[in-house]
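K.L.:
Following this line is work.cif, made up of mmCIF, C-alpha atoms (C1' of nucleotides):
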data_target
loop_
_atom_site.label_atom_id
_atom_site.label_comp_id
_atom_site.auth_asym_id
_atom_site.auth_seq_id
_atom_site.Cartn_x
_atom_site.Cartn_y
_atom_site.Cartn_z
CA MET A 70 95.73 99.27 115.89
CA LEU A 71 97.64 99.53 112.63
CA LEU A 72 100.88 98.44 114.27
CA ILE A 73 99.13 95.36 115.62
CA LEU A 74 97.59 94.60 112.23
CA ARG A 75 101.02 95.00 110.64
CA GLU A 76 102.36 92.31 112.96
CA LEU A 77 99.44 89.98 112.26
CA PHE A 78 100.07 90.41 108.53
CA PHE A 79 103.73 89.51 109.11
CA GLY A 80 102.40 86.29 110.63
CA ARG A 81 103.36 87.17 114.18
CA ARG A 82 100.44 85.80 116.13
CA ARG A 83 101.64 85.56 119.71
CA PHE A 84 100.82 88.21 122.26
CA ASP A 85 104.31 88.88 123.54
CA LEU A 86 105.80 89.03 120.05
CA ILE A 87 103.21 91.61 119.02
CA ALA A 88 103.83 93.70 122.13
CA ALA A 89 107.60 93.55 121.68
CA ASN A 90 107.65 94.36 117.97
CA THR A 91 105.18 97.22 118.17
CA GLY A 92 106.62 98.72 121.36
CA LEU A 93 103.12 98.96 122.80
CA GLY A 94 102.37 98.11 126.42
CA PRO A 95 100.59 94.84 127.17
CA GLN A 96 97.36 96.53 128.38
CA LEU A 97 97.04 98.33 125.06
CA VAL A 98 97.78 95.22 123.04
CA SER A 99 95.25 93.34 125.13
CA ALA A 100 92.56 95.99 124.69
CA ARG A 101 93.13 96.32 120.95
CA LEU A 102 93.14 92.57 120.33
CA LYS A 103 89.84 92.33 122.21
CA MET A 104 88.39 94.98 119.90
CA LEU A 105 89.72 93.21 116.82
CA VAL A 106 88.15 89.96 117.98
CA ALA A 107 84.85 91.71 118.84
CA GLU A 108 84.78 93.24 115.34
CA GLY A 109 85.45 89.88 113.72
CA ILE A 110 88.78 91.00 112.30
CA ALA A 111 90.89 88.62 114.36
CA GLU A 112 90.23 85.29 116.02
CA ARG A 113 91.65 84.00 119.31
CA ARG A 114 92.80 80.42 119.08
CA ALA A 115 94.19 78.04 121.65
CA TYR A 116 97.40 76.54 120.32
CA SER A 117 98.10 74.66 123.55
CA VAL A 118 95.84 73.30 126.28
CA ARG A 119 98.37 72.48 128.98
CA PRO A 120 99.46 75.15 129.67
CA VAL A 121 96.60 77.17 128.17
CA ARG A 122 98.04 79.46 125.54
CA HIS A 123 96.33 81.56 122.88
CA ASP A 124 97.30 83.38 119.75
CA TYR A 125 95.57 85.59 117.20
CA TRP A 126 94.69 84.92 113.58
CA LEU A 127 93.24 87.20 110.95
CA THR A 128 89.76 86.29 109.73
CA ASP A 129 88.66 86.87 106.13
CA LYS A 130 87.38 90.27 107.20
CA GLY A 131 90.79 90.96 108.68
CA LYS A 132 92.71 89.67 105.67
CA ALA A 133 90.65 92.02 103.51
CA LEU A 134 92.37 94.91 105.30
CA PHE A 135 95.53 93.98 103.44
CA ASP A 136 94.62 96.38 100.64
CA VAL A 137 94.56 99.23 103.15
CA LEU A 138 97.91 98.36 104.71
CA TYR A 139 99.44 97.77 101.29
CA ALA A 140 98.26 101.20 100.11
CA MET A 141 99.73 102.80 103.22
CA ARG A 142 103.02 101.03 102.75
CA ASN A 143 103.15 102.03 99.09
CA TRP A 144 102.49 105.63 100.01
CA ALA A 145 105.25 105.48 102.61
CA GLU A 146 107.74 103.98 100.15
CA ARG A 147 107.10 106.84 97.80
CA TRP A 148 106.59 109.80 100.14
CA ALA A 149 107.73 109.18 103.68
CA TYR A 150 111.22 109.82 104.88
CA VAL A 151 112.83 107.05 106.90
CA PRO A 152 116.14 108.05 108.49
CA GLY A 153 119.14 106.26 107.08
CA GLU A 154 117.27 104.59 104.24
CA THR A 155 116.70 105.56 100.65
CA GLY A 156 115.09 103.89 97.68
CA GLU A 157 112.39 101.26 97.65
CA GLY A 158 112.04 98.67 100.37
CA ARG A 159 112.61 101.25 103.08
CA VAL A 160 109.54 100.12 104.98
CA ILE A 161 108.45 96.61 104.02
CA ARG A 162 109.73 94.39 101.24
CA TYR A 163 107.15 92.27 99.44
CA VAL A 164 108.05 89.22 97.43
CA HIS A 165 105.70 87.34 95.13
CA ARG A 166 105.48 83.84 96.62
CA ALA A 167 104.83 82.19 93.26
CA CYS A 168 107.80 83.57 91.35
CA GLY A 169 110.06 85.09 93.99
CA ALA A 170 110.15 88.56 92.43
CA ASP A 171 110.35 91.70 94.57
CA VAL A 172 107.11 93.44 93.65
CA GLY A 173 108.16 96.98 94.64
CA THR A 174 104.98 99.00 94.89
CA ALA A 175 103.18 97.32 91.99
CA LYS A 176 99.62 96.00 91.93
CA VAL A 177 100.59 93.39 89.38
CA CYS A 178 103.74 91.28 89.70
CA PRO A 179 106.55 92.80 87.60
CA GLY A 180 108.09 89.33 87.26
CA CYS A 181 105.16 87.28 86.00
CA GLY A 182 102.26 89.72 85.54
CA ALA A 183 99.89 88.04 88.03
CA GLU A 184 97.44 90.11 90.13
CA LEU A 185 98.59 90.54 93.73
CA GLY A 186 96.54 90.01 96.88
CA TYR A 187 97.37 89.12 100.47
CA GLY A 188 97.87 85.43 99.90
CA ASP A 189 100.24 86.01 97.00
CA LEU A 190 102.72 88.17 98.87
CA LYS A 191 105.26 87.55 101.58
CA GLY A 192 106.08 90.69 103.54
CA GLU A 193 109.28 91.23 105.45
CA PRO A 194 110.30 94.26 107.51
CA SER A 195 112.98 96.39 105.88
CA PRO A 196 116.45 96.46 107.47
CA ALA A 197 115.54 99.73 109.22
CA LEU A 198 112.31 98.36 110.67
CA LYS A 199 113.97 95.07 111.61
CA ALA A 200 116.73 96.91 113.49
CA GLU A 201 114.13 98.94 115.36
CA GLN A 202 112.30 95.79 116.42
CA LEU A 203 115.48 93.96 117.37
CA ALA A 204 116.52 96.90 119.54
CA ARG A 205 113.27 96.59 121.46
CA THR A 206 113.66 92.85 122.06
CA ALA A 207 117.18 93.31 123.47
CA MET B 111 93.50 112.68 111.06
CA LEU B 112 91.61 110.40 108.71
CA LEU B 113 88.36 112.28 109.26
CA ILE B 114 90.10 115.53 108.36
CA LEU B 115 91.66 113.96 105.27
CA ARG B 116 88.25 112.64 104.28
CA GLU B 117 86.89 116.18 104.33
CA LEU B 118 89.83 117.53 102.34
CA PHE B 119 89.22 114.83 99.74
CA PHE B 120 85.56 115.89 99.60
CA GLY B 121 86.88 119.35 98.72
CA ARG B 122 85.91 120.91 102.02
CA ARG B 123 88.80 123.22 102.66
CA ARG B 124 87.56 125.66 105.26
CA PHE B 125 88.38 125.25 108.94
CA ASP B 126 84.86 125.53 110.31
CA LEU B 127 83.42 123.16 107.70
CA ILE B 128 86.01 120.55 108.57
CA ALA B 129 85.36 120.91 112.29
CA ALA B 130 81.58 120.72 111.83
CA ASN B 131 81.58 117.74 109.47
CA THR B 132 84.03 115.67 111.47
CA GLY B 133 82.57 116.51 114.88
CA LEU B 134 86.06 117.28 116.17
CA GLY B 135 86.77 120.23 118.43
CA PRO B 136 88.55 123.26 116.95
CA GLN B 137 91.75 122.72 118.97
CA LEU B 138 92.13 119.22 117.55
CA VAL B 139 91.39 120.33 114.00
CA SER B 140 93.90 123.14 114.45
CA ALA B 141 96.59 120.83 115.80
CA ARG B 142 96.06 118.19 113.11
CA LEU B 143 96.05 120.69 110.26
CA LYS B 144 99.34 122.08 111.57
CA MET B 145 100.80 118.56 111.47
CA LEU B 146 99.50 117.98 107.97
CA VAL B 147 101.06 121.23 106.82
CA ALA B 148 104.34 120.43 108.62
CA GLU B 149 104.44 117.04 106.87
CA GLY B 150 103.80 118.61 103.49
CA ILE B 151 100.47 116.82 103.08
CA ALA B 152 98.34 119.96 103.15
CA GLU B 153 99.00 123.57 102.32
CA ARG B 154 97.56 126.66 104.04
CA ARG B 155 96.40 129.30 101.58
CA ALA B 156 94.98 132.77 102.06
CA TYR B 157 91.79 133.03 100.07
CA SER B 158 91.03 136.53 101.34
CA VAL B 159 93.26 139.33 102.62
CA ARG B 160 90.68 141.66 104.18
CA PRO B 161 89.57 140.03 106.36
CA VAL B 162 92.47 137.54 106.53
CA ARG B 163 91.09 134.08 105.92
CA HIS B 164 92.82 130.80 105.20
CA ASP B 165 91.89 127.39 103.94
CA TYR B 166 93.65 124.07 103.40
CA TRP B 167 94.55 122.31 100.16
CA LEU B 168 96.04 118.88 99.60
CA THR B 169 99.53 118.82 98.10
CA ASP B 170 100.65 116.08 95.70
CA LYS B 171 101.91 114.13 98.70
CA GLY B 172 98.48 114.55 100.27
CA LYS B 173 96.59 113.61 97.10
CA ALA B 174 98.68 110.43 96.95
CA LEU B 175 96.94 109.33 100.14
CA PHE B 176 93.79 108.85 98.10
CA ASP B 177 94.71 105.21 97.46
CA VAL B 178 94.75 104.62 101.21
CA LEU B 179 91.39 106.27 101.84
CA TYR B 180 89.88 104.55 98.82
CA ALA B 181 91.07 101.16 100.09
CA MET B 182 89.56 101.90 103.51
CA ARG B 183 86.29 102.96 101.99
CA ASN B 184 86.17 99.85 99.81
CA TRP B 185 86.82 97.65 102.81
CA ALA B 186 84.04 99.43 104.70
CA GLU B 187 81.56 99.02 101.82
CA ARG B 188 82.22 95.30 101.86
CA TRP B 189 82.70 94.52 105.54
CA ALA B 190 81.53 97.24 107.86
CA TYR B 191 78.02 97.44 109.21
CA VAL B 192 76.35 100.82 109.00
CA PRO B 193 73.00 100.95 110.84
CA GLY B 194 70.04 101.40 108.56
CA GLU B 195 71.93 100.98 105.34
CA THR B 196 72.63 97.99 103.14
CA GLY B 197 74.29 97.44 99.80
CA GLU B 198 76.95 99.55 98.16
CA GLY B 199 77.26 103.28 98.61
CA ARG B 200 76.70 102.99 102.36
CA VAL B 201 79.77 105.07 103.13
CA ILE B 202 80.88 107.15 100.15
CA ARG B 203 79.60 107.10 96.60
CA TYR B 204 82.19 107.59 93.87
CA VAL B 205 81.33 108.69 90.37
CA HIS B 206 83.70 108.67 87.41
CA ARG B 207 83.91 112.33 86.33
CA ALA B 208 84.59 111.47 82.70
CA CYS B 209 81.63 109.17 82.07
CA GLY B 210 79.34 109.68 85.08
CA ALA B 211 79.26 106.01 86.08
CA ASP B 212 79.03 104.95 89.72
CA VAL B 213 82.27 103.02 90.15
CA GLY B 214 81.20 100.93 93.14
CA THR B 215 84.39 99.52 94.64
CA ALA B 216 86.21 98.98 91.35
CA LYS B 217 89.77 99.96 90.50
CA VAL B 218 88.81 100.35 86.85
CA CYS B 219 85.67 102.19 85.72
CA PRO B 220 82.87 99.65 85.06
CA GLY B 221 81.35 102.14 82.58
CA CYS B 222 84.29 102.93 80.33
CA GLY B 223 87.18 100.75 81.55
CA ALA B 224 89.55 103.63 82.43
CA GLU B 225 91.98 103.38 85.36
CA LEU B 226 90.81 105.31 88.41
CA GLY B 227 92.83 107.73 90.52
CA TYR B 228 91.97 110.70 92.73
CA GLY B 229 91.50 113.20 89.92
CA ASP B 230 89.13 110.91 88.05
CA LEU B 231 86.64 110.42 90.84
CA LYS B 232 84.08 112.60 92.53
CA GLY B 233 83.24 111.42 96.01
CA GLU B 234 80.04 112.21 97.82
CA PRO B 235 78.99 111.18 101.35
CA SER B 236 76.32 108.49 101.43
CA PRO B 237 72.83 109.43 102.69
CA ALA B 238 73.72 108.02 106.12
CA LEU B 239 76.93 110.01 106.39
CA LYS B 240 75.30 113.13 105.01
CA ALA B 241 72.53 112.92 107.61
CA GLU B 242 75.09 112.52 110.37
CA GLN B 243 76.93 115.63 109.20
CA LEU B 244 73.75 117.64 108.76
CA ALA B 245 72.70 116.76 112.30
CA ARG B 246 75.94 118.22 113.60
CA THR B 247 75.54 121.47 111.68
CA ALA B 248 72.05 122.01 113.08
"C1'" DA C 114 112.14 73.58 145.25
"C1'" DT C 115 113.50 76.94 141.97
"C1'" DA C 116 113.59 79.15 137.62
"C1'" DG C 117 111.46 80.05 133.32
"C1'" DT C 118 107.69 81.03 129.85
"C1'" DA C 119 103.50 83.06 127.90
"C1'" DA C 120 99.44 85.64 128.20
"C1'" DC C 121 97.84 88.50 130.38
"C1'" DT C 122 95.83 92.21 134.67
"C1'" DA C 123 96.58 96.19 138.13
"C1'" DT C 124 98.12 100.71 139.43
"C1'" DG C 125 99.58 105.39 139.55
"C1'" DA C 126 101.62 109.05 136.63
"C1'" DT C 127 101.55 111.49 132.39
"C1'" DA C 128 99.59 113.00 128.13
"C1'" DA C 129 95.79 113.56 124.85
"C1'" DT C 130 91.13 114.85 123.97
"C1'" DC C 131 86.66 116.97 124.93
"C1'" DA C 132 83.13 120.46 125.88
"C1'" DT C 133 82.69 125.02 126.28
"C1'" DA C 134 83.76 129.79 126.13
"C1'" DG C 135 86.30 133.51 124.30
"C1'" DT C 136 89.36 136.44 120.86
"C1'" DG C 137 90.69 139.33 116.77
"C1'" DA C 138 89.91 141.22 112.55
"C1'" DC C 139 86.95 142.51 109.77
"C1'" DA C 140 81.90 143.31 106.92
"C1'" DA C 141 77.14 144.61 106.60
"C1'" DG C 142 73.03 146.76 108.15
"C1'" DA C 143 70.15 150.01 111.28
"C1'" DT D 207 78.17 154.65 115.46
"C1'" DC D 208 76.39 150.66 117.29
"C1'" DT D 209 75.08 146.07 116.95
"C1'" DT D 210 75.18 141.67 114.85
"C1'" DG D 211 77.53 138.26 112.20
"C1'" DT D 212 81.44 135.50 110.06
"C1'" DC D 213 85.60 132.82 110.13
"C1'" DA D 214 89.74 130.99 111.85
"C1'" DC D 215 91.24 130.17 115.41
"C1'" DT D 216 93.13 130.07 121.12
"C1'" DA D 217 92.33 129.17 126.32
"C1'" DT D 218 90.79 126.50 130.19
"C1'" DG D 219 89.36 122.88 133.22
"C1'" DA D 220 87.40 118.20 133.26
"C1'" DT D 221 87.53 113.67 131.47
"C1'" DT D 222 89.89 109.73 129.02
"C1'" DA D 223 93.51 107.28 127.14
"C1'" DT D 224 98.10 105.74 127.26
"C1'" DC D 225 102.54 104.64 129.43
"C1'" DA D 226 105.97 102.52 132.47
"C1'" DT D 227 106.31 99.25 135.69
"C1'" DA D 228 105.10 95.55 138.58
"C1'" DG D 229 102.46 91.74 139.53
"C1'" DT D 230 99.47 87.16 138.54
"C1'" DT D 231 98.13 82.54 136.84
"C1'" DA D 232 99.09 78.29 135.17
"C1'" DC D 233 101.83 75.65 133.80
"C1'" DT D 234 106.97 73.06 132.19
"C1'" DA D 235 111.69 71.93 132.81
"C1'" DT D 236 115.72 71.14 135.83
#
Rewrite the structure from the file as C-alpha cells, please.
P.N.:
Amino acid sequence: MLLILRELFFGRRRFDLIAANTGLGPQLVSARLKMLVAEGIAERRAYSVRPVRHDYWLTDKGKALFDVLYAMRNWAERWAYVPGETGEGRVIRYVHRACGADVGTAKVCPGCGAELGYGDLKGEPSPALKAEQLARTA
Amino acid sequence: MLLILRELFFGRRRFDLIAANTGLGPQLVSARLKMLVAEGIAERRAYSVRPVRHDYWLTDKGKALFDVLYAMRNWAERWAYVPGETGEGRVIRYVHRACGADVGTAKVCPGCGAELGYGDLKGEPSPALKAEQLARTA
DNA sequence: ATAGTAACTATGATAATCATAGTGACAAGA
DNA sequence: TCTTGTCACTATGATTATCATAGTTACTAT
C-alpha cells in the first residue's frame, strides 16, 4: 500500500507504471487501488474514452497522507541503511517548488523559511531508488 | 508491526501485554519483535533473572519512529471514521507532560507553545480503543 | 491482417498468518 | 510435595494472501 502511495505522490498515476515501479504484481496493484478508491484516498479517472483508459489521482484525504510518508522518509534518511548510498537524499530528494532549495529533512524550507506541505514540495527518487526502478522496467 | 510499535510507544513492554492489546498471535508477536531487535529498533532486556523474564524497550532509532506514528494518528483523527466516536481524541489522546494540556493534533503545544517530540507527550488510547483492548483481555 | 498498448483478470504454486494447544522455568499456597 | 498460576515463548495444521506467469478486452497504428 505504501509503495503504491509513494508512486501516486511522485505523480505516477497510470496502472502499469505503478506496477512496474513498485515491483508488485498486477493483481495486487489492482486490489490495493480498489481499496484506496473505496476508502476515498484515491480517485479513478478516465483520461481517454476511445480506447477506455483510467488512471488514479489522490483525493484530499489521500494528499493528507503526505505527512505520514514524509515522516517515514525522514526517518529513513536518518536511520535506515541503503546499500551504496550515504548522506542525505539516499531515499527521496525533496525540492521546494517556490525557491528551488533542497529541503533535506526539514519541516520549514531552509532556503526561504516557508512552511512545507505536499503542494510545496517536488519529490524525486534518489539515484539508488531510480536505478532499482529502471532495472525493473528493463 | 505498527500495532506492536503502538504498544511500545504506550509503554507496554511485556510480551503478553503486547499480544493481548494488539490481538496478534504469539508467533507473530515473537517474529516481529525479533525483527525489531535485529533492526536495532527495539532492545530485549531481562527484568528478572529468577525466573528469567524479558521485555522490550525502544532504542533511539525506535523512538525516532514516533514522528511517523504521530503523523498517522493525526491523519486518522482528521480523516478516519471510527464507529461510535466523533471529534478529536477518537484514536489516541496526547497530553503534554510539562503543562498537562491536551495537544490535539498540533506540532506545538497549544497550552504553552513548546515544540513536541516523543519524550514530551504522554499517549493514552481513546475510550473506543481502550474498550476494544479490554474486550480482548476478557 | 498484424502488431502494439494499457488496464486489467485468471490460475496454480508458494509463503504468511491464524487459531489453538503446549512447553519450560520458576513462585506461591495448601 | 502437590497443585495452581505466571510469563515468554514454540509447534502444528488450517486458512489466506501473495507471487509468477499467462491470458483478455478494447482499442490504435501500420
K.L.:
Could you spell out the hits of the PyMOL selection byres ((chain A and resi 105) around 12) on the shown file, as a PyMOL selection string?
P.N.:
chain A and resi 70-71+73-74+77+98-104+106-113+125-128+130-131+134
K.L.:
Per residue of chain A within 10 Å of chain B, note the shortest atom pair and the distance in Å to one decimal, counting all atoms listed in the file, and order the rows by chain and increasing residue number, as CSV.
P.N.:
residue,atom,partner,partner_atom,distance
A:Glu108,CA,B:Ala190,CA,9.1
A:Gly109,CA,B:Trp189,CA,9.8
A:Ile110,CA,B:Trp189,CA,9.7
A:Asp129,CA,B:Trp189,CA,9.7
A:Lys130,CA,B:Trp189,CA,6.5
A:Gly131,CA,B:Trp189,CA,9.4
A:Ala133,CA,B:Trp185,CA,6.8
A:Leu134,CA,B:Trp185,CA,6.7
A:Phe135,CA,B:Ala181,CA,9.1
A:Asp136,CA,B:Ala181,CA,6.0
A:Val137,CA,B:Ala181,CA,5.0
A:Leu138,CA,B:Val178,CA,7.8
A:Tyr139,CA,B:Val178,CA,8.3
A:Ala140,CA,B:Val178,CA,5.0
A:Met141,CA,B:Val178,CA,5.7
A:Arg142,CA,B:Val178,CA,9.1
A:Asn143,CA,B:Val178,CA,9.0
A:Trp144,CA,B:Leu175,CA,6.7
A:Ala145,CA,B:Leu175,CA,9.5
A:Arg147,CA,B:Lys171,CA,9.0
A:Trp148,CA,B:Lys171,CA,6.5
A:Ala149,CA,B:Glu149,CA,9.1
K.L.:
Residues of chain A within 10 Å of chain D: nearest atom pair and distance (Å, one decimal) for each, counting only C-alpha atoms (C1' of nucleotides), sorted by chain and number, as a tab-separated table?
P.N.:
residue	atom	partner	partner_atom	distance
A:Leu93	CA	D:DC225	C1'	8.7
A:Gly94	CA	D:DC225	C1'	7.2
A:Gln96	CA	D:DT224	C1'	9.3
A:Leu97	CA	D:DT224	C1'	7.8
A:Val118	CA	D:DC233	C1'	9.9
A:Arg119	CA	D:DC233	C1'	6.7
A:Pro120	CA	D:DC233	C1'	4.8
A:Val121	CA	D:DA232	C1'	7.5
A:Arg122	CA	D:DA232	C1'	9.8
K.L.:
Only C-alpha atoms, please: the residues just picked out, written as an mmCIF file, in the frame of the given file.
P.N.:
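Generated output (result.cif):
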data_model
loop_
_atom_site.group_PDB
_atom_site.id
_atom_site.type_symbol
_atom_site.label_atom_id
_atom_site.label_comp_id
_atom_site.auth_asym_id
_atom_site.auth_seq_id
_atom_site.Cartn_x
_atom_site.Cartn_y
_atom_site.Cartn_z
ATOM 1 C CA LEU A 93 103.120 98.960 122.800
ATOM 2 C CA GLY A 94 102.370 98.110 126.420
ATOM 3 C CA GLN A 96 97.360 96.530 128.380
ATOM 4 C CA LEU A 97 97.040 98.330 125.060
ATOM 5 C CA VAL A 118 95.840 73.300 126.280
ATOM 6 C CA ARG A 119 98.370 72.480 128.980
ATOM 7 C CA PRO A 120 99.460 75.150 129.670
ATOM 8 C CA VAL A 121 96.600 77.170 128.170
ATOM 9 C CA ARG A 122 98.040 79.460 125.540
#
K.L.:
Give the residues of chain C that lie within 10 Å of chain A; count all atoms listed in the file, and format the answer as an NGL selection string.
P.N.:
:C and (119-123)
K.L.:
Fit chain B to chain A: least squares, all C-alpha atoms, paired in order; write the output as a CSV table (one decimal) with C-alpha atoms, in the coordinates of the input.
P.N.:
chain,number,residue,atom,x,y,z
B,111,MET,CA,95.7,99.3,115.9
B,112,LEU,CA,97.6,99.5,112.6
B,113,LEU,CA,100.9,98.4,114.3
B,114,ILE,CA,99.1,95.3,115.6
B,115,LEU,CA,97.6,94.6,112.2
B,116,ARG,CA,101.0,95.0,110.7
B,117,GLU,CA,102.4,92.3,113.0
B,118,LEU,CA,99.4,90.0,112.2
B,119,PHE,CA,100.1,90.4,108.5
B,120,PHE,CA,103.7,89.5,109.1
B,121,GLY,CA,102.4,86.3,110.6
B,122,ARG,CA,103.3,87.2,114.2
B,123,ARG,CA,100.4,85.8,116.1
B,124,ARG,CA,101.6,85.6,119.7
B,125,PHE,CA,100.8,88.2,122.3
B,126,ASP,CA,104.3,88.9,123.5
B,127,LEU,CA,105.8,89.0,120.0
B,128,ILE,CA,103.2,91.6,119.0
B,129,ALA,CA,103.8,93.7,122.1
B,130,ALA,CA,107.6,93.5,121.7
B,131,ASN,CA,107.6,94.3,117.9
B,132,THR,CA,105.2,97.2,118.2
B,133,GLY,CA,106.6,98.7,121.3
B,134,LEU,CA,103.1,99.0,122.8
B,135,GLY,CA,102.4,98.1,126.4
B,136,PRO,CA,100.6,94.8,127.2
B,137,GLN,CA,97.4,96.5,128.4
B,138,LEU,CA,97.0,98.3,125.1
B,139,VAL,CA,97.8,95.2,123.0
B,140,SER,CA,95.3,93.3,125.1
B,141,ALA,CA,92.6,96.0,124.7
B,142,ARG,CA,93.1,96.3,120.9
B,143,LEU,CA,93.1,92.6,120.3
B,144,LYS,CA,89.8,92.3,122.2
B,145,MET,CA,88.4,95.0,119.9
B,146,LEU,CA,89.7,93.2,116.8
B,147,VAL,CA,88.1,90.0,118.0
B,148,ALA,CA,84.9,91.7,118.8
B,149,GLU,CA,84.8,93.2,115.3
B,150,GLY,CA,85.4,89.9,113.7
B,151,ILE,CA,88.8,91.0,112.3
B,152,ALA,CA,90.9,88.6,114.4
B,153,GLU,CA,90.2,85.3,116.0
B,154,ARG,CA,91.6,84.0,119.3
B,155,ARG,CA,92.8,80.4,119.1
B,156,ALA,CA,94.2,78.0,121.7
B,157,TYR,CA,97.4,76.6,120.3
B,158,SER,CA,98.1,74.7,123.5
B,159,VAL,CA,95.9,73.3,126.3
B,160,ARG,CA,98.5,72.5,129.0
B,161,PRO,CA,99.6,75.1,129.6
B,162,VAL,CA,96.7,77.2,128.2
B,163,ARG,CA,98.1,79.5,125.5
B,164,HIS,CA,96.4,81.5,122.9
B,165,ASP,CA,97.3,83.4,119.7
B,166,TYR,CA,95.6,85.6,117.2
B,167,TRP,CA,94.7,84.9,113.6
B,168,LEU,CA,93.2,87.2,110.9
B,169,THR,CA,89.7,86.3,109.7
B,170,ASP,CA,88.6,86.9,106.1
B,171,LYS,CA,87.4,90.3,107.2
B,172,GLY,CA,90.8,91.0,108.7
B,173,LYS,CA,92.7,89.7,105.7
B,174,ALA,CA,90.6,92.0,103.5
B,175,LEU,CA,92.4,94.9,105.3
B,176,PHE,CA,95.5,94.0,103.4
B,177,ASP,CA,94.6,96.4,100.6
B,178,VAL,CA,94.6,99.2,103.1
B,179,LEU,CA,97.9,98.4,104.7
B,180,TYR,CA,99.4,97.8,101.3
B,181,ALA,CA,98.3,101.2,100.1
B,182,MET,CA,99.7,102.8,103.2
B,183,ARG,CA,103.0,101.0,102.8
B,184,ASN,CA,103.2,102.0,99.1
B,185,TRP,CA,102.5,105.6,100.0
B,186,ALA,CA,105.3,105.5,102.6
B,187,GLU,CA,107.8,103.9,100.2
B,188,ARG,CA,107.1,106.8,97.8
B,189,TRP,CA,106.6,109.8,100.2
B,190,ALA,CA,107.8,109.2,103.7
B,191,TYR,CA,111.3,109.9,104.9
B,192,VAL,CA,112.9,107.1,106.9
B,193,PRO,CA,116.3,108.2,108.4
B,194,GLY,CA,119.2,106.4,107.0
B,195,GLU,CA,117.4,104.7,104.2
B,196,THR,CA,116.7,105.6,100.6
B,197,GLY,CA,115.1,103.9,97.6
B,198,GLU,CA,112.4,101.2,97.7
B,199,GLY,CA,112.1,98.6,100.4
B,200,ARG,CA,112.6,101.2,103.1
B,201,VAL,CA,109.5,100.1,105.0
B,202,ILE,CA,108.4,96.6,104.0
B,203,ARG,CA,109.7,94.4,101.3
B,204,TYR,CA,107.1,92.3,99.4
B,205,VAL,CA,108.0,89.2,97.5
B,206,HIS,CA,105.7,87.3,95.1
B,207,ARG,CA,105.5,83.8,96.6
B,208,ALA,CA,104.8,82.2,93.3
B,209,CYS,CA,107.8,83.6,91.3
B,210,GLY,CA,110.0,85.1,94.0
B,211,ALA,CA,110.1,88.6,92.5
B,212,ASP,CA,110.3,91.7,94.6
B,213,VAL,CA,107.1,93.4,93.7
B,214,GLY,CA,108.2,97.0,94.7
B,215,THR,CA,105.0,99.0,94.9
B,216,ALA,CA,103.2,97.3,92.0
B,217,LYS,CA,99.6,96.0,91.9
B,218,VAL,CA,100.6,93.4,89.4
B,219,CYS,CA,103.7,91.3,89.7
B,220,PRO,CA,106.6,92.8,87.6
B,221,GLY,CA,108.1,89.3,87.3
B,222,CYS,CA,105.1,87.3,86.0
B,223,GLY,CA,102.3,89.7,85.6
B,224,ALA,CA,99.9,88.1,88.0
B,225,GLU,CA,97.4,90.1,90.1
B,226,LEU,CA,98.6,90.6,93.7
B,227,GLY,CA,96.5,90.0,96.9
B,228,TYR,CA,97.4,89.1,100.5
B,229,GLY,CA,97.8,85.4,99.9
B,230,ASP,CA,100.2,86.0,97.0
B,231,LEU,CA,102.7,88.2,98.9
B,232,LYS,CA,105.2,87.6,101.6
B,233,GLY,CA,106.1,90.7,103.5
B,234,GLU,CA,109.3,91.2,105.5
B,235,PRO,CA,110.3,94.3,107.5
B,236,SER,CA,113.0,96.4,105.9
B,237,PRO,CA,116.5,96.5,107.5
B,238,ALA,CA,115.5,99.7,109.2
B,239,LEU,CA,112.3,98.4,110.7
B,240,LYS,CA,114.0,95.1,111.6
B,241,ALA,CA,116.7,96.9,113.5
B,242,GLU,CA,114.1,99.0,115.4
B,243,GLN,CA,112.3,95.8,116.4
B,244,LEU,CA,115.5,94.0,117.4
B,245,ALA,CA,116.5,96.9,119.6
B,246,ARG,CA,113.2,96.6,121.5
B,247,THR,CA,113.6,92.9,122.1
B,248,ALA,CA,117.1,93.3,123.5
K.L.:
Could you jot down the atom CA of Ala170 of chain A to atom CA of Glu146 of chain A separation for me, Å, one decimal place?
P.N.:
17.4 Å
K.L.:
Restore N, CA and C atoms in segment 118-126 of chain A and list the result as a compact mmCIF listing (two decimals), in the frame of the given file.
P.N.:
# COMPACT_ATOMS: atom_id res chain seq x y z
N VAL A 118 96.82 73.43 125.22
CA VAL A 118 95.84 73.30 126.28
C VAL A 118 96.51 73.22 127.66
N ARG A 119 97.63 72.53 127.73
CA ARG A 119 98.37 72.48 128.98
C ARG A 119 99.81 72.83 128.69
N PRO A 120 100.22 74.04 129.10
CA PRO A 120 99.46 75.15 129.67
C PRO A 120 98.56 75.82 128.63
N VAL A 121 97.51 76.49 129.09
CA VAL A 121 96.60 77.17 128.17
C VAL A 121 97.32 78.36 127.54
N ARG A 122 97.37 78.36 126.24
CA ARG A 122 98.04 79.46 125.54
C ARG A 122 97.25 79.80 124.29
N HIS A 123 97.12 81.12 124.02
CA HIS A 123 96.33 81.56 122.88
C HIS A 123 97.16 82.40 121.93
N ASP A 124 96.72 82.43 120.67
CA ASP A 124 97.30 83.38 119.75
C ASP A 124 96.21 83.92 118.84
N TYR A 125 96.57 84.81 117.95
CA TYR A 125 95.57 85.59 117.20
C TYR A 125 95.76 85.43 115.70
N TRP A 126 94.66 85.14 115.02
CA TRP A 126 94.69 84.92 113.58
C TRP A 126 93.74 85.89 112.89
